[in-house]
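Asks: For reference, the structure I am asking about is given below.
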Amino acid sequence: MLTFVEETCLLLLDEKSGEFLPIHPNILEYALVGAVLVDLAFSYRIDTDPKALIVMDRTPTGQPMLDHVLARIGETTESTDAATWVKILARDEAAVLQKQALDRLAERGILKRQEKKSLLGFRSSRYLTVDGEAAREVKDRIRVLILSDEIPDPRDVALLSLVDACNILTDIFPGGELKNAGTRIKQLRNMDLLGRDVVGAVAEIERVIVAARAHGAY
């Protein structure tokens, strides 16, 4: 199973160009950090309250991306709320998390890393889709979740909530495909499908991202 951060990368990558969709870099940073925190919440490693993001279990998950963030949060002795952690991690860890997630997808044969050189001699990497089915599967799950009345999977609801909080659904599904889906999306985000230990953390992460975006953090 792919992690939330890996699935978020697949949702935001343009299959043709091998580069991320044209969204503001800060939105991407918040999405990646939020995805890692959601992963940790679903692994029952963290929880939140209005005043603090709390490590509930320090046991490594076996995923280096997640375990690095878990260890960093766990090392802090001061009480630090979720909003502050999202900002700290977006600033310090987002670039590393992005590379790790993309490299893992390349190792799985889903993407292929390709070096790109600009006219000025600067080098950058792009990740071309090799296994298009894997990328489409993630998008199809979200599309079916929104456009059907099927009973949703809690992980898919959490992933939808994350990308919707970042206001990037229209970038993922352009062309008005979701034009009349606002009511369904709101309904899904309000469903009580997550375990009690998870729902608070996921909701708090969403709230932080929405609030940051509303106050011009991007």
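Each chain in the structure tokens gets a letter, A, B, ..., in the order shown, and its residues are numbered from 1; ligands are numbered from 1 in order too.
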What are the DSSP helix (DSSP H, G or I) residues of region 33-207 of chain A, as a PyMOL selection string?

Replies: chain A and resi 33-42+64-75+82-92+94-107+132-147+154-165+169-172+182-189+196-207

Asks: When you look at Asp156 (chain A) with a cut-off of 10 Å (counting only C-alpha atoms), what residues show up, excluding the ones that are within fewer than 4 positions of it in the same chain? I need them as a ChimeraX atom specification.

Replies: /A:4,138,141-142,145,152,160-162,188

Asks: Restrict the selected residues to N, CA and C atoms and save them as a PDB file, in the first residue's frame.

Replies:
ATOM      1  N   PHE A   4       0.202   8.020   2.218  1.00  0.00           N
ATOM      2  CA  PHE A   4      -0.554   9.197   1.803  1.00  0.00           C
ATOM      3  C   PHE A   4       0.326  10.170   1.022  1.00  0.00           C
ATOM      4  N   VAL A 138      -5.174   5.905  -8.276  1.00  0.00           N
ATOM      5  CA  VAL A 138      -5.380   6.856  -7.180  1.00  0.00           C
ATOM      6  C   VAL A 138      -6.418   7.895  -7.574  1.00  0.00           C
ATOM      7  N   ARG A 141      -9.942   6.423  -7.785  1.00  0.00           N
ATOM      8  CA  ARG A 141     -10.551   6.208  -6.471  1.00  0.00           C
ATOM      9  C   ARG A 141     -11.194   7.487  -5.957  1.00  0.00           C
ATOM     10  N   ILE A 142     -10.486   8.601  -6.109  1.00  0.00           N
ATOM     11  CA  ILE A 142     -11.026   9.881  -5.645  1.00  0.00           C
ATOM     12  C   ILE A 142     -12.215  10.304  -6.512  1.00  0.00           C
ATOM     13  N   LEU A 145     -15.155   8.177  -5.596  1.00  0.00           N
ATOM     14  CA  LEU A 145     -15.587   8.590  -4.267  1.00  0.00           C
ATOM     15  C   LEU A 145     -16.505   9.807  -4.351  1.00  0.00           C
ATOM     16  N   PRO A 152     -17.778   4.930   1.205  1.00  0.00           N
ATOM     17  CA  PRO A 152     -16.366   5.276   0.991  1.00  0.00           C
ATOM     18  C   PRO A 152     -15.427   4.567   1.957  1.00  0.00           C
ATOM     19  N   LEU A 160      -9.043  12.708   0.240  1.00  0.00           N
ATOM     20  CA  LEU A 160      -9.877  13.739  -0.378  1.00  0.00           C
ATOM     21  C   LEU A 160      -9.896  14.997   0.490  1.00  0.00           C
ATOM     22  N   SER A 161     -10.075  14.823   1.785  1.00  0.00           N
ATOM     23  CA  SER A 161     -10.132  15.966   2.694  1.00  0.00           C
ATOM     24  C   SER A 161      -8.840  16.761   2.656  1.00  0.00           C
ATOM     25  N   LEU A 162      -7.723  16.059   2.560  1.00  0.00           N
ATOM     26  CA  LEU A 162      -6.422  16.730   2.517  1.00  0.00           C
ATOM     27  C   LEU A 162      -6.280  17.580   1.260  1.00  0.00           C
ATOM     28  N   LEU A 188     -18.954  14.076   2.318  1.00  0.00           N
ATOM     29  CA  LEU A 188     -17.899  13.113   2.585  1.00  0.00           C
ATOM     30  C   LEU A 188     -16.985  13.594   3.703  1.00  0.00           C
TER      31      LEU A 188
END

Asks: Could you tell me, as a list of chain:residue names, which residues of chain A DSSP assigns to strand (DSSP E) when given the backbone?

Replies: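 Output for chain A, strand (DSSP E) only: A:Ile46, A:Asp47, A:Thr48, A:Asp49, A:Ala52, A:Leu53, A:Ile54, A:Val55, A:Leu111, A:Lys112, A:Arg113, A:Gln114, A:Glu115, A:Lys116, A:Lys117, A:Arg123, A:Ser124, A:Ser125, A:Arg126, A:Tyr127, A:Leu128, A:Thr129.
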
Asks: For region 40-151 of chain A versus region 170-177 of chain A, which residues have an atom no more than 10 Å away, and what is each residue's nearest atom pair and distance in Å rounded to one decimal, using only C-alpha atoms, chain-then-number order, as a Markdown table?

Replies:
| residue | atom | partner | partner_atom | distance |
| --- | --- | --- | --- | --- |
| A:Lys139 | CA | A:Ile172 | CA | 8.1 |
| A:Ile142 | CA | A:Phe173 | CA | 9.9 |
| A:Arg143 | CA | A:Phe173 | CA | 8.4 |
| A:Leu147 | CA | A:Glu177 | CA | 9.3 |

Asks: So how far away is CA of Leu2 (chain A) from CA of Ala31 (chain A), in Å?

Replies: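 Computing the Euclidean distance for CA of Ala31 (chain A) and CA of Leu2 (chain A) yields 15.8 Å.
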
Asks: Measuring atom to atom with only C-alpha atoms, identify which of A:Val69, A:Val208, A:Ile185, A:Leu105 is nearest to Leu40 (chain A).

Replies: A:Val69

Asks: As a list in words, please: the residues near Ile73 (chain A) (cut-off 9 Å, only C-alpha atoms, same-chain neighbours under 4 positions excluded).

Replies: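 The contact residues come out as Leu53, Ile54, Val55, His68, Val69, Thr77 and Trp85 of chain A.
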
Asks: Which residues come within 8 Å of Thr129 (chain A), counting only C-alpha atoms, excluding same-chain residues fewer than 4 positions away, as a ChimeraX atom specification?

Replies: /A:15-16,18,110-112,135

Asks: Only C-alpha atoms, please: the residues just picked out, written as an mmCIF file, in the first residue's frame.

Replies:
data_model
loop_
_atom_site.group_PDB
_atom_site.id
_atom_site.type_symbol
_atom_site.label_atom_id
_atom_site.label_comp_id
_atom_site.auth_asym_id
_atom_site.auth_seq_id
_atom_site.Cartn_x
_atom_site.Cartn_y
_atom_site.Cartn_z
ATOM 1 C CA GLU A 15 1.899 12.508 -16.315
ATOM 2 C CA LYS A 16 2.971 14.174 -19.559
ATOM 3 C CA GLY A 18 6.750 14.624 -15.230
ATOM 4 C CA ILE A 110 5.742 3.634 -10.992
ATOM 5 C CA LEU A 111 7.827 6.658 -11.972
ATOM 6 C CA LYS A 112 11.138 7.154 -13.763
ATOM 7 C CA ALA A 135 -1.308 6.826 -11.030
#

Asks: Return the single residue from A:Ala95, A:Val86, A:Leu70, A:Ala106 that is closest to Gly34 (chain A), with distances computed using only C-alpha atoms.

Replies: A:Val86

Asks: Would you mind reading off the distance between CA of Gln63 (chain A) and CA of Leu89 (chain A), one decimal, in Å?

Replies: 17.0 Å

Asks: Calculated over only C-alpha atoms, which of the candidates A:Glu150, A:Glu206, A:Asp103, A:Glu93 has the smallest distance to Val163 (chain A)?

Replies: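 Residue with the minimum atom-to-atom distance to Val163 (chain A): A:Glu206.
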
Asks: Quick one, how far is CA of Tyr127 (chain A) from CA of Ile27 (chain A)?

Replies: 19.3 Å

Asks: Write out as a list in words the residues lying within 10 Å of Leu28 (chain A), counting only C-alpha atoms and excluding same-chain residues fewer than 3 positions away.

Replies: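 With the cut-off at 10 Å, the set is Thr8, Cys9, Leu12, Phe20, Leu21, Pro22, Ile23, His24, Pro25, Ala31, Leu32, Val33, Gly34, Ala90, Ala94, Ala95, Gln98, Val163, Cys166, Ile168 and Tyr218 of chain A.
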
Asks: Put those residues in a file: C-alpha atoms, as a CSV table (one decimal), in the first residue's frame.

Replies:
chain,number,residue,atom,x,y,z
A,8,THR,CA,-0.5,12.9,-2.9
A,9,CYS,CA,2.5,13.1,-5.2
A,12,LEU,CA,-0.3,16.2,-8.2
A,20,PHE,CA,4.0,19.0,-10.5
A,21,LEU,CA,0.9,20.7,-11.6
A,22,PRO,CA,1.2,24.6,-11.7
A,23,ILE,CA,0.2,25.2,-8.1
A,24,HIS,CA,1.9,27.5,-5.6
A,25,PRO,CA,5.0,25.8,-4.1
A,31,ALA,CA,0.0,19.1,1.2
A,32,LEU,CA,3.1,16.9,1.6
A,33,VAL,CA,3.5,17.7,5.2
A,34,GLY,CA,-0.2,17.2,5.9
A,90,ALA,CA,6.8,22.7,5.6
A,94,ALA,CA,9.0,19.4,2.6
A,95,ALA,CA,11.8,19.3,0.0
A,98,GLN,CA,9.1,15.3,-1.7
A,163,VAL,CA,-6.3,17.8,-1.1
A,166,CYS,CA,-5.4,22.6,-0.1
A,168,ILE,CA,-6.3,21.7,-5.5
A,218,TYR,CA,0.6,31.0,0.3

Asks: My list of candidates is A:Glu19, A:Val38, A:Arg184, A:Asn167. Which is closest to Glu115 (chain A) when distances are computed with only C-alpha atoms?

Replies: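 With only C-alpha atoms as the atom set, the closest residue is A:Glu19.
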